[in-house]
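**Student:** Quick one, input15.pdb (PDB, C-alpha atoms and all ligand atoms):
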```pdb
ATOM      1  CA  MET A   1      93.302  60.989 -96.025
ATOM      2  CA  GLY A   2      91.747  57.527 -95.977
ATOM      3  CA  ALA A   3      88.256  56.300 -95.402
ATOM      4  CA  ILE A   4      85.882  57.066 -92.580
ATOM      5  CA  VAL A   5      85.710  53.812 -90.623
ATOM      6  CA  ILE A   6      82.087  52.957 -89.853
ATOM      7  CA  ASP A   7      82.241  51.574 -86.319
ATOM      8  CA  GLY A   8      79.533  48.909 -86.336
ATOM      9  CA  ALA A   9      80.163  47.931 -82.725
ATOM     10  CA  ALA A  10      79.609  51.500 -81.474
ATOM     11  CA  MET A  11      76.585  52.006 -83.719
ATOM     12  CA  ALA A  12      75.098  48.702 -82.529
ATOM     13  CA  ARG A  13      75.536  49.762 -78.879
ATOM     14  CA  GLN A  14      73.713  52.994 -79.645
ATOM     15  CA  ILE A  15      70.872  51.087 -81.349
ATOM     16  CA  LEU A  16      70.618  48.633 -78.458
ATOM     17  CA  GLY A  17      70.243  51.632 -76.113
ATOM     18  CA  GLU A  18      67.425  52.977 -78.284
ATOM     19  CA  GLN A  19      65.816  49.531 -78.386
ATOM     20  CA  ARG A  20      66.082  49.242 -74.636
ATOM     21  CA  ASP A  21      63.997  52.406 -74.224
ATOM     22  CA  ALA A  22      61.381  50.957 -76.579
ATOM     23  CA  ALA A  23      61.462  47.597 -74.751
ATOM     24  CA  LEU A  24      60.885  49.334 -71.410
ATOM     25  CA  ARG A  25      57.888  51.199 -72.840
ATOM     26  CA  LEU A  26      56.405  47.891 -74.023
ATOM     27  CA  ALA A  27      57.180  46.222 -70.696
ATOM     28  CA  ALA A  28      55.281  49.029 -68.933
ATOM     29  CA  LEU A  29      52.262  47.981 -71.014
ATOM     30  CA  GLY A  30      52.732  44.422 -69.748
ATOM     31  CA  ARG A  31      54.354  43.257 -72.994
ATOM     32  CA  VAL A  32      57.937  42.320 -72.270
ATOM     33  CA  PRO A  33      59.359  41.618 -75.748
ATOM     34  CA  GLY A  34      60.387  37.966 -76.083
ATOM     35  CA  LEU A  35      62.677  36.141 -78.517
ATOM     36  CA  ALA A  36      62.813  32.352 -78.844
ATOM     37  CA  VAL A  37      66.209  31.134 -80.038
ATOM     38  CA  VAL A  38      66.306  27.629 -81.491
ATOM     39  CA  LEU A  39      69.675  25.923 -81.903
ATOM     40  CA  VAL A  40      69.901  22.400 -83.287
ATOM     41  CA  GLY A  41      73.137  20.447 -82.881
ATOM     42  CA  ASP A  42      76.493  21.652 -81.618
ATOM     43  CA  ASP A  43      78.096  23.670 -84.414
ATOM     44  CA  PRO A  44      80.582  25.849 -82.466
ATOM     45  CA  ALA A  45      80.220  28.911 -84.742
ATOM     46  CA  SER A  46      76.423  28.801 -84.392
ATOM     47  CA  ALA A  47      76.773  28.594 -80.601
ATOM     48  CA  VAL A  48      78.915  31.762 -80.661
ATOM     49  CA  TYR A  49      76.359  33.657 -82.798
ATOM     50  CA  VAL A  50      73.469  32.517 -80.615
ATOM     51  CA  ARG A  51      75.260  33.637 -77.460
ATOM     52  CA  ALA A  52      75.906  37.067 -79.007
ATOM     53  CA  LYS A  53      72.208  37.445 -79.888
ATOM     54  CA  GLU A  54      71.083  36.368 -76.418
ATOM     55  CA  ARG A  55      73.551  38.726 -74.736
ATOM     56  CA  ALA A  56      72.222  41.602 -76.835
ATOM     57  CA  CYS A  57      68.662  40.647 -75.867
ATOM     58  CA  HIS A  58      69.533  40.889 -72.198
ATOM     59  CA  GLU A  59      71.189  44.283 -72.721
ATOM     60  CA  ALA A  60      68.101  45.569 -74.513
ATOM     61  CA  GLY A  61      65.542  44.227 -72.054
ATOM     62  CA  VAL A  62      64.285  41.450 -74.339
ATOM     63  CA  ARG A  63      63.355  38.166 -72.661
ATOM     64  CA  THR A  64      64.857  35.048 -74.278
ATOM     65  CA  PHE A  65      63.483  31.534 -74.501
ATOM     66  CA  ASP A  66      66.181  28.958 -75.248
ATOM     67  CA  TYR A  67      65.500  25.832 -77.225
ATOM     68  CA  ARG A  68      68.489  23.517 -77.643
ATOM     69  CA  LEU A  69      67.865  20.365 -79.637
ATOM     70  CA  PRO A  70      70.393  17.567 -80.243
ATOM     71  CA  SER A  71      71.764  17.058 -83.768
ATOM     72  CA  THR A  72      69.681  13.851 -83.884
ATOM     73  CA  ALA A  73      66.396  15.787 -83.573
ATOM     74  CA  THR A  74      63.958  15.061 -86.384
ATOM     75  CA  GLU A  75      62.329  17.585 -88.676
ATOM     76  CA  ALA A  76      58.958  16.667 -87.167
ATOM     77  CA  GLU A  77      60.233  17.457 -83.665
ATOM     78  CA  LEU A  78      61.565  20.814 -84.816
ATOM     79  CA  LEU A  79      58.284  21.646 -86.581
ATOM     80  CA  GLN A  80      56.469  20.823 -83.334
ATOM     81  CA  VAL A  81      58.691  23.333 -81.489
ATOM     82  CA  ILE A  82      57.939  25.997 -84.120
ATOM     83  CA  ASP A  83      54.188  25.354 -83.844
ATOM     84  CA  THR A  84      54.358  25.737 -80.063
ATOM     85  CA  LEU A  85      56.309  29.004 -80.352
ATOM     86  CA  ASN A  86      53.935  30.339 -83.032
ATOM     87  CA  GLY A  87      51.121  29.921 -80.512
ATOM     88  CA  ASP A  88      52.933  31.350 -77.462
ATOM     89  CA  PRO A  89      51.842  34.958 -76.775
ATOM     90  CA  GLN A  90      55.022  35.670 -74.762
ATOM     91  CA  VAL A  91      57.150  34.923 -77.833
ATOM     92  CA  HIS A  92      57.217  37.819 -80.301
ATOM     93  CA  GLY A  93      60.164  36.614 -82.381
ATOM     94  CA  ILE A  94      61.424  33.180 -83.428
ATOM     95  CA  LEU A  95      64.989  32.674 -84.600
ATOM     96  CA  VAL A  96      66.156  29.289 -85.887
ATOM     97  CA  GLN A  97      69.921  29.431 -86.146
ATOM     98  CA  LEU A  98      71.308  28.193 -89.454
ATOM     99  CA  PRO A  99      72.793  25.907 -90.664
ATOM    100  CA  LEU A 100      70.491  23.075 -89.632
ATOM    101  CA  PRO A 101      71.724  19.458 -89.725
ATOM    102  CA  ALA A 102      71.621  18.009 -93.266
ATOM    103  CA  HIS A 103      68.692  15.653 -92.555
ATOM    104  CA  ILE A 104      66.394  18.584 -91.703
ATOM    105  CA  GLY A 105      64.887  20.624 -94.536
ATOM    106  CA  ALA A 106      65.677  24.242 -93.673
ATOM    107  CA  ASP A 107      62.963  25.506 -96.027
ATOM    108  CA  SER A 108      60.139  23.578 -94.402
ATOM    109  CA  VAL A 109      61.258  24.713 -90.942
ATOM    110  CA  LEU A 110      61.773  28.390 -91.796
ATOM    111  CA  GLN A 111      58.521  28.600 -93.768
ATOM    112  CA  ARG A 112      56.610  27.227 -90.763
ATOM    113  CA  ILE A 113      57.437  30.349 -88.713
ATOM    114  CA  ASP A 114      54.530  32.779 -88.340
ATOM    115  CA  PRO A 115      55.560  35.754 -90.568
ATOM    116  CA  ALA A 116      54.541  38.099 -87.715
ATOM    117  CA  LYS A 117      57.292  36.468 -85.597
ATOM    118  CA  ASP A 118      59.841  36.040 -88.418
ATOM    119  CA  VAL A 119      62.578  38.262 -86.972
ATOM    120  CA  ASP A 120      65.154  36.876 -89.431
ATOM    121  CA  GLY A 121      62.939  37.962 -92.340
ATOM    122  CA  PHE A 122      63.496  34.623 -94.084
ATOM    123  CA  THR A 123      59.894  33.526 -94.742
ATOM    124  CA  TRP A 124      58.661  33.865 -98.308
ATOM    125  CA  ARG A 125      55.959  36.198 -97.000
ATOM    126  CA  SER A 126      58.608  38.525 -95.517
ATOM    127  CA  LEU A 127      60.816  38.343 -98.610
ATOM    128  CA  GLY A 128      57.846  38.889-100.922
ATOM    129  CA  ALA A 129      56.774  41.941 -98.929
ATOM    130  CA  LEU A 130      60.305  43.324 -99.206
ATOM    131  CA  LEU A 131      60.247  42.759-102.969
ATOM    132  CA  ASP A 132      57.073  44.810-103.223
ATOM    133  CA  GLY A 133      58.382  47.644-101.014
ATOM    134  CA  HIS A 134      56.238  46.836 -97.945
ATOM    135  CA  ALA A 135      58.744  45.281 -95.569
ATOM    136  CA  LEU A 136      57.188  43.346 -92.673
ATOM    137  CA  LEU A 137      60.308  42.228 -90.815
ATOM    138  CA  ALA A 138      63.376  42.594 -93.023
ATOM    139  CA  PRO A 139      66.491  40.358 -93.007
ATOM    140  CA  CYS A 140      68.908  41.610 -90.377
ATOM    141  CA  THR A 141      72.273  41.711 -92.132
ATOM    142  CA  PRO A 142      71.153  43.863 -95.087
ATOM    143  CA  SER A 143      69.069  46.057 -92.721
ATOM    144  CA  GLY A 144      72.212  46.608 -90.688
ATOM    145  CA  CYS A 145      74.159  47.536 -93.830
ATOM    146  CA  MET A 146      71.502  50.075 -94.825
ATOM    147  CA  LEU A 147      71.469  51.651 -91.383
ATOM    148  CA  MET A 148      75.267  51.948 -91.459
ATOM    149  CA  LEU A 149      75.037  53.823 -94.763
ATOM    150  CA  GLU A 150      72.221  56.035 -93.495
ATOM    151  CA  ARG A 151      73.739  56.949 -90.129
ATOM    152  CA  SER A 152      77.112  57.612 -91.759
ATOM    153  CA  GLY A 153      75.575  60.035 -94.236
ATOM    154  CA  VAL A 154      76.480  58.011 -97.328
ATOM    155  CA  PRO A 155      74.369  59.214-100.267
ATOM    156  CA  VAL A 156      72.411  56.346-101.842
ATOM    157  CA  ALA A 157      69.792  57.840-104.186
ATOM    158  CA  GLY A 158      71.039  57.962-107.765
ATOM    159  CA  ARG A 159      74.331  56.229-106.890
ATOM    160  CA  HIS A 160      75.592  53.001-108.373
ATOM    161  CA  ALA A 161      75.491  50.216-105.775
ATOM    162  CA  VAL A 162      77.203  46.914-106.533
ATOM    163  CA  VAL A 163      76.301  43.896-104.408
ATOM    164  CA  ILE A 164      78.541  40.827-104.560
ATOM    165  CA  GLY A 165      76.595  37.713-103.559
ATOM    166  CA  ARG A 166      73.067  36.570-104.372
ATOM    167  CA  SER A 167      71.935  34.683-101.269
ATOM    168  CA  SER A 168      68.382  35.118 -99.980
ATOM    169  CA  ILE A 169      69.839  36.102 -96.588
ATOM    170  CA  VAL A 170      72.112  38.945 -97.726
ATOM    171  CA  GLY A 171      72.743  39.648-101.415
ATOM    172  CA  LYS A 172      69.216  39.665-102.851
ATOM    173  CA  PRO A 173      67.551  41.556 -99.979
ATOM    174  CA  ALA A 174      70.460  44.051 -99.854
ATOM    175  CA  ALA A 175      69.933  44.745-103.565
ATOM    176  CA  LEU A 176      66.194  45.266-103.014
ATOM    177  CA  MET A 177      66.790  47.653-100.107
ATOM    178  CA  LEU A 178      69.291  49.698-102.103
ATOM    179  CA  LEU A 179      66.824  49.822-105.004
ATOM    180  CA  GLU A 180      64.101  50.981-102.619
ATOM    181  CA  ARG A 181      66.392  53.874-101.675
ATOM    182  CA  ASP A 182      66.755  54.793-105.367
ATOM    183  CA  ALA A 183      70.227  53.413-106.029
ATOM    184  CA  THR A 184      71.061  51.899-109.410
ATOM    185  CA  VAL A 185      71.893  48.333-108.426
ATOM    186  CA  THR A 186      74.092  45.652-109.971
ATOM    187  CA  ILE A 187      74.240  42.156-108.462
ATOM    188  CA  CYS A 188      77.448  40.191-109.074
ATOM    189  CA  HIS A 189      78.199  36.571-108.227
ATOM    190  CA  SER A 190      80.607  33.716-108.851
ATOM    191  CA  ARG A 191      79.752  33.604-112.580
ATOM    192  CA  THR A 192      80.226  37.326-113.212
ATOM    193  CA  PRO A 193      83.066  37.841-115.720
ATOM    194  CA  ASP A 194      85.567  40.634-115.017
ATOM    195  CA  LEU A 195      84.227  41.418-111.563
ATOM    196  CA  ALA A 196      86.803  44.170-111.073
ATOM    197  CA  ALA A 197      85.445  46.124-114.048
ATOM    198  CA  VAL A 198      82.039  46.198-112.330
ATOM    199  CA  THR A 199      83.221  46.909-108.786
ATOM    200  CA  ARG A 200      85.388  49.803-109.990
ATOM    201  CA  GLU A 201      82.155  51.551-111.051
ATOM    202  CA  ALA A 202      80.578  51.174-107.591
ATOM    203  CA  ASP A 203      79.843  54.221-105.425
ATOM    204  CA  ILE A 204      78.604  51.714-102.844
ATOM    205  CA  LEU A 205      80.139  48.230-102.735
ATOM    206  CA  VAL A 206      78.470  45.569-100.580
ATOM    207  CA  CYS A 207      80.586  42.446-100.467
ATOM    208  CA  ALA A 208      78.969  39.222 -99.243
ATOM    209  CA  ALA A 209      80.964  36.602-101.107
ATOM    210  CA  GLY A 210      82.590  34.792 -98.184
ATOM    211  CA  ARG A 211      86.042  34.863 -99.784
ATOM    212  CA  PRO A 212      88.801  36.329 -97.622
ATOM    213  CA  ARG A 213      90.278  39.602 -98.918
ATOM    214  CA  MET A 214      88.921  39.070-102.438
ATOM    215  CA  ILE A 215      88.324  42.817-102.891
ATOM    216  CA  ALA A 216      91.746  44.233-103.717
ATOM    217  CA  VAL A 217      92.456  47.942-103.745
ATOM    218  CA  ASP A 218      92.447  48.123-107.552
ATOM    219  CA  MET A 219      88.830  46.906-107.565
ATOM    220  CA  VAL A 220      87.563  49.932-105.635
ATOM    221  CA  LYS A 221      86.584  53.374-106.918
ATOM    222  CA  PRO A 222      88.221  56.227-104.986
ATOM    223  CA  GLY A 223      85.806  57.574-102.355
ATOM    224  CA  ALA A 224      83.431  54.578-102.507
ATOM    225  CA  ALA A 225      81.523  53.267 -99.484
ATOM    226  CA  VAL A 226      82.710  49.702 -98.906
ATOM    227  CA  ILE A 227      80.502  47.481 -96.740
ATOM    228  CA  ASP A 228      82.181  44.188 -95.862
ATOM    229  CA  VAL A 229      79.716  41.443 -94.927
ATOM    230  CA  GLY A 230      82.311  38.654 -95.006
ATOM    231  CA  ILE A 231      83.282  36.901 -91.794
ATOM    232  CA  ASN A 232      86.073  34.458 -92.627
ATOM    233  CA  ARG A 233      88.108  32.605 -90.030
ATOM    234  CA  MET A 234      91.777  32.371 -90.980
ATOM    235  CA  GLN A 235      94.113  29.510 -90.108
ATOM    236  CA  ASN A 236      95.589  31.613 -87.287
ATOM    237  CA  GLY A 237      92.080  31.809 -85.762
ATOM    238  CA  LYS A 238      91.622  35.501 -86.571
ATOM    239  CA  LEU A 239      88.598  36.847 -88.431
ATOM    240  CA  CYS A 240      88.933  38.689 -91.690
ATOM    241  CA  GLY A 241      86.466  40.126 -94.160
ATOM    242  CA  ASP A 242      86.039  39.866 -97.918
ATOM    243  CA  VAL A 243      87.908  43.157 -98.375
ATOM    244  CA  ASP A 244      91.659  43.779 -98.235
ATOM    245  CA  TYR A 245      90.961  46.241 -95.428
ATOM    246  CA  ASP A 246      94.316  47.934 -94.897
ATOM    247  CA  ALA A 247      94.853  48.713 -98.572
ATOM    248  CA  VAL A 248      91.237  49.606 -99.402
ATOM    249  CA  ARG A 249      90.913  51.842 -96.350
ATOM    250  CA  ALA A 250      93.438  54.235 -97.899
ATOM    251  CA  LYS A 251      91.339  54.662-101.043
ATOM    252  CA  ALA A 252      87.677  54.330-100.039
ATOM    253  CA  GLY A 253      85.467  57.092 -98.657
ATOM    254  CA  TRP A 254      83.871  54.865 -96.010
ATOM    255  CA  ILE A 255      84.684  51.313 -94.928
ATOM    256  CA  THR A 256      83.415  48.808 -92.371
ATOM    257  CA  PRO A 257      85.932  46.728 -90.389
ATOM    258  CA  VAL A 258      85.815  42.985 -89.641
ATOM    259  CA  PRO A 259      85.292  42.241 -86.834
ATOM    260  CA  GLY A 260      83.333  45.182 -85.413
ATOM    261  CA  GLY A 261      81.412  46.182 -88.534
ATOM    262  CA  VAL A 262      78.390  44.460 -90.031
ATOM    263  CA  GLY A 263      78.401  41.592 -87.462
ATOM    264  CA  PRO A 264      77.292  43.596 -84.397
ATOM    265  CA  MET A 265      74.801  45.511 -86.550
ATOM    266  CA  THR A 266      73.170  42.239 -87.622
ATOM    267  CA  VAL A 267      72.669  41.339 -83.963
ATOM    268  CA  ALA A 268      71.244  44.795 -83.205
ATOM    269  CA  MET A 269      68.764  44.440 -86.073
ATOM    270  CA  VAL A 270      67.518  41.119 -84.666
ATOM    271  CA  ILE A 271      66.653  42.976 -81.482
ATOM    272  CA  ALA A 272      65.064  45.813 -83.460
ATOM    273  CA  ASN A 273      62.866  43.283 -85.270
ATOM    274  CA  VAL A 274      61.800  41.673 -81.976
ATOM    275  CA  ILE A 275      60.773  45.084 -80.606
ATOM    276  CA  THR A 276      58.928  45.890 -83.847
ATOM    277  CA  ALA A 277      57.102  42.548 -83.705
ATOM    278  CA  ALA A 278      56.234  43.019 -80.024
ATOM    279  CA  GLY A 279      55.061  46.586 -80.693
ATOM    280  CA  ARG A 280      52.734  45.418 -83.462
ATOM    281  CA  ARG A 281      51.360  42.741 -81.180
ATOM    282  CA  ALA A 282      50.817  45.387 -78.486
ATOM    283  CA  GLY A 283      48.786  47.382 -81.035
TER     284      GLY A 283
HETATM  285  N1  LIG B   1      73.307  31.719 -89.825
HETATM  286  C1  LIG B   1      74.113  32.579 -90.474
HETATM  287  N2  LIG B   1      73.527  33.785 -90.568
HETATM  288  C2  LIG B   1      72.321  33.672 -89.975
HETATM  289  C3  LIG B   1      71.263  34.590 -89.744
HETATM  290  O1  LIG B   1      71.284  35.756 -90.123
HETATM  291  N3  LIG B   1      70.183  34.085 -89.081
HETATM  292  C4  LIG B   1      70.129  32.807 -88.662
HETATM  293  N4  LIG B   1      69.027  32.402 -88.035
HETATM  294  N5  LIG B   1      71.097  31.936 -88.850
HETATM  295  C5  LIG B   1      72.186  32.378 -89.503
END
```
Mind turning the file's structure into structure tokens?
**Tutor:**
Amino acid sequence: MGAIVIDGAAMARQILGEQRDAALRLAALGRVPGLAVVLVGDDPASAVYVRAKERACHEAGVRTFDYRLPSTATEAELLQVIDTLNGDPQVHGILVQLPLPAHIGADSVLQRIDPAKDVDGFTWRSLGALLDGHALLAPCTPSGCMLMLERSGVPVAGRHAVVIGRSSIVGKPAALMLLERDATVTICHSRTPDLAAVTREADILVCAAGRPRMIAVDMVKPGAAVIDVGINRMQNGKLCGDVDYDAVRAKAGWITPVPGGVGPMTVAMVIANVITAAGRRAG
């Protein structure tokens, strides 16, 4: 039999089409949704991600405002850019691509973003709202994971969800979202003993560890939904996830591929957040 492969690329295209309709409705009201993308330095992986987000914006009818700063830019200069964007009525979303150069404090920059424009969902205000079940703008990668489960008909309520990874960007918000949908949630991390014993109990397994193919087939419950957040570049240049895809696919009920799974959904959720932010601004 084998798992149903959740095609994140196709689902993301569908979502971008839906977002485009919403963007056109806002544009007709004179509110073309706008996203400011801030990239500091010349990290090649960040440049690739930023290009993907900007391309998706153009497909969905979202205007982009590009801010490219050299790696020598100071924290004060970056904060000045954020303040300007916070005050610009044409900018509904602000995205500061991470990682930032080591001499810039990511926290002080991210926390300067107006929570109403925080399309990454990284401000403490956004994360606190998510914790209390009143999401403002939710982090994009876990939102994408949840939408993949929902649109694929994976039951969540009452199921055991295991999340591997405890970052503020993916693991913790994913756990909160699963809890909000009435799953019983376990969070695992690098200090969890006997990880396999926990993952084997998972009806839903969200893996965001960043370790290539760490989820072997004997760590997966038959019929489980396996969501692979890992994007690891191998020595041969190819991308691979945190899950041993070929083997696990034969045993799981649902599985997401890498590439073409969670990655495109994350981009689509950025756009969805921009449209949401612009819609709120439009009243
Ligand atoms: N770098 C890696 N993932 C992300 C993300 O989701 N948002 C931003 N802004 N930077 C990232």
**Student:** Could you give me, as JSON lines, every chain A residue with an atom at most 6 Å from ligand LIG 1 (chain B), plus its closest atom pair and distance in Å to one decimal, counting all atoms listed in the file, rows ordered by chain then number?
**Tutor:**
```
{"residue": "A:Leu95", "atom": "CA", "partner": "B:LIG1", "partner_atom": "N4", "distance": 5.3}
{"residue": "A:Val96", "atom": "CA", "partner": "B:LIG1", "partner_atom": "N4", "distance": 4.7}
{"residue": "A:Gln97", "atom": "CA", "partner": "B:LIG1", "partner_atom": "N4", "distance": 3.6}
{"residue": "A:Leu98", "atom": "CA", "partner": "B:LIG1", "partner_atom": "N5", "distance": 3.8}
{"residue": "A:Pro99", "atom": "CA", "partner": "B:LIG1", "partner_atom": "N1", "distance": 5.9}
{"residue": "A:Asp120", "atom": "CA", "partner": "B:LIG1", "partner_atom": "N3", "distance": 5.8}
```
**Student:** Give me, as number ranges by chain, all polymer residues having an atom no more than 7 Å from Arg63 (chain A), counting only C-alpha atoms and skipping those fewer than 3 positions away in the same chain.
**Tutor:** A: 32-35, 57-58
**Student:** Find the spatial neighbours of region 231-237 of chain A, counting only C-alpha atoms, within a cut-off of 8 Å - ignore same-chain residues fewer than 2 positions away - and output them as a PyMOL selection string.
**Tutor:** chain A and resi 210-212+229+239-242+258-259
**Student:** Report, in Å to a single decimal, how far apart CA of Leu137 (chain A) and CA of Arg55 (chain A) are.
**Tutor:** 21.1 Å
**Student:** List as JSON, numbers by chain: which residues have an atom within 10 Å of (79.4, 32.3, -109.6), counting all atoms listed in the file?
**Tutor:** {"A": [164, 165, 166, 188, 189, 190, 191, 192, 193, 209]}
**Student:** Extract, using all atoms listed in the file, all DNA, RNA and protein residues at most 12 Å from His160 (chain A), discarding same-chain residues fewer than 2 positions from it, and format them as a list in words.
**Tutor:**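 Once the adjacent positions are removed, what remains is Pro155, Val156, Ala157, Gly158, Val162, Val163, Ala175, Leu178, Leu179, Arg181, Asp182, Ala183, Thr184, Val185, Thr186, Ile187, Val198, Thr199, Arg200, Glu201, Ala202, Asp203, Ile204, Leu205, Val206, Lys221, Ala224 and Ala225 of chain A.
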**Student:** Using only C-alpha atoms, find the one residue out of A:Ala3, A:Ile227, A:Leu85, A:Ala250 that sits nearest to Ile113 (chain A).
**Tutor:** A:Leu85
